[in-house]
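This report refers to the structure that appears directly beneath it.
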Amino acid sequence: MADKHVKAIERLQAEECVKNLRKHNFDADFFETGAEAAAWLKEHIPAGSTVGIGGSMTLSELGITDWLTGNPDYKFLDRYHTDDVQKVFRESFFADVYLMSSNAVTLDGCLYNVDANGNRVAALIYGPKKVYVICGVNKIVPTLDDAITRVQQIAAPANNVRLQRPNPCTEFGHCVKCVKDSSICNQFVITRRSGRQGRIHVLLVNEELGY
């Protein structure tokens, strides 16, 4: 756990990132804790909304996935309890609200994501009326090159281990740019700016969350 001095620096970086995200047409807010971010999110998803989610350790760690599961106040498009996950992915494209994290957020206010199926980045780019992107400060990187490196060295290998994919990064601990059918690194998307003001809302949390 970071000490108070490191947390102070991370807070300053997150606040700078929030300012730059806003310059790029995103809505963006900073939260000191994941609990505060989760509480805020729950208050801002209107009752009756259809809600889709991308695969995300962050949402799981914050208890958001559990909160939505079986919640009668929302139509949750539950990717984890279905016999037809592709159908859920397609339905999520038309959701009122879509929840996800990002593999990286650059300090100058861009999102970088690498996807397996493309359903998560497709929803980010176009489809759902509102997209909330929740990220810990561990996802903030100085540049796009650092974002790419972060995915290759941390996010992709960790997710391959979690998903038990038989890919080389689970053996070597870093991306070797494999072209196997089991690869989860198929779609590479840079979101430089929200095309519609405020459609994408980024919540930065002064904690380490997800990969």
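Letters A, B, ... go to the chains of the structure tokens in the order shown; residues in each chain start at 1; ligands are counted from 1 in the same order.
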- [ ] Based on DSSP run over this structure's backbone, return all residues of region 37-79 of chain A in alpha helix (DSSP H), as a PyMOL selection string.
- [x] chain A and resi 37-44+57-61+64-68
Serialized selection, N, CA, C and O atoms, as a tab-separated table (two decimals), in the first residue's frame:
```tsv
chain	number	residue	atom	x	y	z
A	37	ALA	N	-16.35	6.26	-5.13
A	37	ALA	CA	-16.67	6.18	-6.55
A	37	ALA	C	-17.87	5.26	-6.79
A	37	ALA	O	-18.77	5.57	-7.59
A	38	ALA	N	-17.90	4.12	-6.10
A	38	ALA	CA	-19.00	3.17	-6.26
A	38	ALA	C	-20.32	3.78	-5.80
A	38	ALA	O	-21.36	3.62	-6.46
A	39	ALA	N	-20.29	4.50	-4.68
A	39	ALA	CA	-21.50	5.13	-4.16
A	39	ALA	C	-22.00	6.18	-5.14
A	39	ALA	O	-23.22	6.29	-5.40
A	40	TRP	N	-21.08	6.98	-5.68
A	40	TRP	CA	-21.46	8.01	-6.66
A	40	TRP	C	-22.08	7.36	-7.89
A	40	TRP	O	-23.11	7.82	-8.40
A	41	LEU	N	-21.47	6.29	-8.37
A	41	LEU	CA	-21.96	5.61	-9.56
A	41	LEU	C	-23.37	5.08	-9.35
A	41	LEU	O	-24.25	5.23	-10.22
A	42	LYS	N	-23.61	4.47	-8.21
A	42	LYS	CA	-24.93	3.91	-7.92
A	42	LYS	C	-26.00	5.00	-7.90
A	42	LYS	O	-27.15	4.75	-8.30
A	43	GLU	N	-25.64	6.18	-7.46
A	43	GLU	CA	-26.59	7.29	-7.41
A	43	GLU	C	-26.90	7.86	-8.79
A	43	GLU	O	-27.94	8.48	-8.99
A	44	HIS	N	-25.98	7.65	-9.74
A	44	HIS	CA	-26.11	8.30	-11.04
A	44	HIS	C	-26.59	7.39	-12.16
A	44	HIS	O	-26.71	7.82	-13.31
A	57	MET	N	-11.91	-6.36	-13.78
A	57	MET	CA	-11.57	-6.65	-12.39
A	57	MET	C	-11.92	-5.47	-11.50
A	57	MET	O	-12.29	-5.64	-10.35
A	58	THR	N	-11.80	-4.26	-12.04
A	58	THR	CA	-12.11	-3.06	-11.26
A	58	THR	C	-13.56	-3.07	-10.80
A	58	THR	O	-13.85	-2.82	-9.62
A	59	LEU	N	-14.48	-3.35	-11.70
A	59	LEU	CA	-15.90	-3.39	-11.34
A	59	LEU	C	-16.16	-4.48	-10.31
A	59	LEU	O	-16.97	-4.29	-9.39
A	60	SER	N	-15.47	-5.58	-10.44
A	60	SER	CA	-15.62	-6.67	-9.47
A	60	SER	C	-15.09	-6.25	-8.10
A	60	SER	O	-15.74	-6.46	-7.08
A	61	GLU	N	-13.91	-5.65	-8.08
A	61	GLU	CA	-13.30	-5.23	-6.82
A	61	GLU	C	-14.13	-4.18	-6.09
A	61	GLU	O	-14.17	-4.15	-4.86
A	64	ILE	N	-19.43	-3.58	-7.87
A	64	ILE	CA	-20.46	-3.11	-8.80
A	64	ILE	C	-21.14	-4.28	-9.51
A	64	ILE	O	-22.37	-4.29	-9.67
A	65	THR	N	-20.36	-5.27	-9.92
A	65	THR	CA	-20.95	-6.42	-10.61
A	65	THR	C	-21.92	-7.16	-9.69
A	65	THR	O	-23.04	-7.52	-10.10
A	66	ASP	N	-21.52	-7.38	-8.45
A	66	ASP	CA	-22.40	-8.05	-7.49
A	66	ASP	C	-23.65	-7.22	-7.23
A	66	ASP	O	-24.76	-7.77	-7.07
A	67	TRP	N	-23.49	-5.91	-7.15
A	67	TRP	CA	-24.63	-5.01	-6.89
A	67	TRP	C	-25.67	-5.09	-8.01
A	67	TRP	O	-26.88	-5.07	-7.75
A	68	LEU	N	-25.20	-5.22	-9.24
A	68	LEU	CA	-26.13	-5.29	-10.37
A	68	LEU	C	-26.79	-6.65	-10.52
A	68	LEU	O	-27.94	-6.74	-10.97
```
Test item: residues at most 7 Å from region 126-135 of chain A, only C-alpha atoms, excluding those fewer than 6 positions along its chain, as a PDB file with N, CA, C and O atoms, in the first residue's frame:
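Below you can see part22.pdb, which holds the result:
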```pdb
ATOM      1  N   PHE A  93     -24.626  -3.344 -26.619  1.00  0.00           N
ATOM      2  CA  PHE A  93     -24.319  -2.240 -27.532  1.00  0.00           C
ATOM      3  C   PHE A  93     -25.445  -1.206 -27.534  1.00  0.00           C
ATOM      4  O   PHE A  93     -25.224  -0.030 -27.844  1.00  0.00           O
ATOM      5  N   PHE A  94     -26.652  -1.633 -27.167  1.00  0.00           N
ATOM      6  CA  PHE A  94     -27.809  -0.728 -27.160  1.00  0.00           C
ATOM      7  C   PHE A  94     -28.244  -0.367 -25.737  1.00  0.00           C
ATOM      8  O   PHE A  94     -29.354   0.112 -25.526  1.00  0.00           O
ATOM      9  N   ALA A  95     -27.375  -0.586 -24.766  1.00  0.00           N
ATOM     10  CA  ALA A  95     -27.713  -0.304 -23.365  1.00  0.00           C
ATOM     11  C   ALA A  95     -27.859   1.187 -23.110  1.00  0.00           C
ATOM     12  O   ALA A  95     -27.294   2.033 -23.822  1.00  0.00           O
ATOM     13  N   ASP A  96     -28.623   1.500 -22.076  1.00  0.00           N
ATOM     14  CA  ASP A  96     -28.695   2.893 -21.627  1.00  0.00           C
ATOM     15  C   ASP A  96     -27.377   3.313 -20.993  1.00  0.00           C
ATOM     16  O   ASP A  96     -26.906   4.443 -21.179  1.00  0.00           O
ATOM     17  N   VAL A  97     -26.805   2.395 -20.228  1.00  0.00           N
ATOM     18  CA  VAL A  97     -25.563   2.664 -19.494  1.00  0.00           C
ATOM     19  C   VAL A  97     -24.604   1.499 -19.689  1.00  0.00           C
ATOM     20  O   VAL A  97     -25.015   0.336 -19.611  1.00  0.00           O
ATOM     21  N   TYR A  98     -23.354   1.816 -19.936  1.00  0.00           N
ATOM     22  CA  TYR A  98     -22.324   0.783 -20.066  1.00  0.00           C
ATOM     23  C   TYR A  98     -21.203   1.098 -19.092  1.00  0.00           C
ATOM     24  O   TYR A  98     -20.746   2.244 -18.992  1.00  0.00           O
ATOM     25  N   LEU A  99     -20.754   0.082 -18.350  1.00  0.00           N
ATOM     26  CA  LEU A  99     -19.715   0.244 -17.345  1.00  0.00           C
ATOM     27  C   LEU A  99     -18.480  -0.553 -17.751  1.00  0.00           C
ATOM     28  O   LEU A  99     -18.596  -1.696 -18.193  1.00  0.00           O
ATOM     29  N   MET A 100     -17.318   0.040 -17.558  1.00  0.00           N
ATOM     30  CA  MET A 100     -16.074  -0.625 -17.933  1.00  0.00           C
ATOM     31  C   MET A 100     -14.915   0.063 -17.214  1.00  0.00           C
ATOM     32  O   MET A 100     -15.085   1.081 -16.554  1.00  0.00           O
ATOM     33  N   SER A 101     -13.743  -0.522 -17.347  1.00  0.00           N
ATOM     34  CA  SER A 101     -12.529   0.167 -16.959  1.00  0.00           C
ATOM     35  C   SER A 101     -11.741   0.427 -18.235  1.00  0.00           C
ATOM     36  O   SER A 101     -12.230   0.195 -19.344  1.00  0.00           O
ATOM     37  N   SER A 102     -10.531   0.933 -18.090  1.00  0.00           N
ATOM     38  CA  SER A 102      -9.657   1.155 -19.238  1.00  0.00           C
ATOM     39  C   SER A 102      -8.316   0.529 -18.916  1.00  0.00           C
ATOM     40  O   SER A 102      -7.885   0.528 -17.761  1.00  0.00           O
ATOM     41  N   ARG A 199     -20.610  12.048 -23.128  1.00  0.00           N
ATOM     42  CA  ARG A 199     -21.136  10.677 -23.259  1.00  0.00           C
ATOM     43  C   ARG A 199     -20.269   9.711 -22.463  1.00  0.00           C
ATOM     44  O   ARG A 199     -20.781   8.784 -21.824  1.00  0.00           O
ATOM     45  N   ILE A 200     -18.970   9.917 -22.518  1.00  0.00           N
ATOM     46  CA  ILE A 200     -18.033   9.073 -21.767  1.00  0.00           C
ATOM     47  C   ILE A 200     -17.613   9.820 -20.508  1.00  0.00           C
ATOM     48  O   ILE A 200     -17.126  10.950 -20.582  1.00  0.00           O
ATOM     49  N   HIS A 201     -17.820   9.178 -19.373  1.00  0.00           N
ATOM     50  CA  HIS A 201     -17.505   9.799 -18.077  1.00  0.00           C
ATOM     51  C   HIS A 201     -16.459   8.936 -17.381  1.00  0.00           C
ATOM     52  O   HIS A 201     -16.694   7.767 -17.094  1.00  0.00           O
ATOM     53  N   VAL A 202     -15.292   9.512 -17.132  1.00  0.00           N
ATOM     54  CA  VAL A 202     -14.186   8.785 -16.522  1.00  0.00           C
ATOM     55  C   VAL A 202     -14.122   9.091 -15.034  1.00  0.00           C
ATOM     56  O   VAL A 202     -14.109  10.255 -14.626  1.00  0.00           O
ATOM     57  N   LEU A 203     -14.107   8.046 -14.229  1.00  0.00           N
ATOM     58  CA  LEU A 203     -13.993   8.161 -12.772  1.00  0.00           C
ATOM     59  C   LEU A 203     -12.615   7.652 -12.367  1.00  0.00           C
ATOM     60  O   LEU A 203     -12.318   6.459 -12.504  1.00  0.00           O
ATOM     61  N   LEU A 204     -11.755   8.550 -11.911  1.00  0.00           N
ATOM     62  CA  LEU A 204     -10.419   8.174 -11.459  1.00  0.00           C
ATOM     63  C   LEU A 204     -10.407   8.060  -9.947  1.00  0.00           C
ATOM     64  O   LEU A 204     -10.912   8.943  -9.244  1.00  0.00           O
ATOM     65  N   VAL A 205      -9.845   6.976  -9.456  1.00  0.00           N
ATOM     66  CA  VAL A 205      -9.859   6.664  -8.027  1.00  0.00           C
ATOM     67  C   VAL A 205      -8.422   6.587  -7.503  1.00  0.00           C
ATOM     68  O   VAL A 205      -7.571   5.954  -8.125  1.00  0.00           O
ATOM     69  N   LEU A 209      -6.576  -0.340  -8.655  1.00  0.00           N
ATOM     70  CA  LEU A 209      -7.733  -1.163  -8.979  1.00  0.00           C
ATOM     71  C   LEU A 209      -7.489  -1.897 -10.292  1.00  0.00           C
ATOM     72  O   LEU A 209      -7.055  -1.306 -11.270  1.00  0.00           O
TER      73      LEU A 209
END
```
TODO: Within 10 Å of region 158-165 of chain A, counting only C-alpha atoms, which residues show up once you throw out same-chain ones fewer than 3 positions away? Write them as a VMD selection string, please.
DONE: chain A and resid 56 to 57 151 to 155 168 to 171 173 to 174 182 to 185 210 to 211
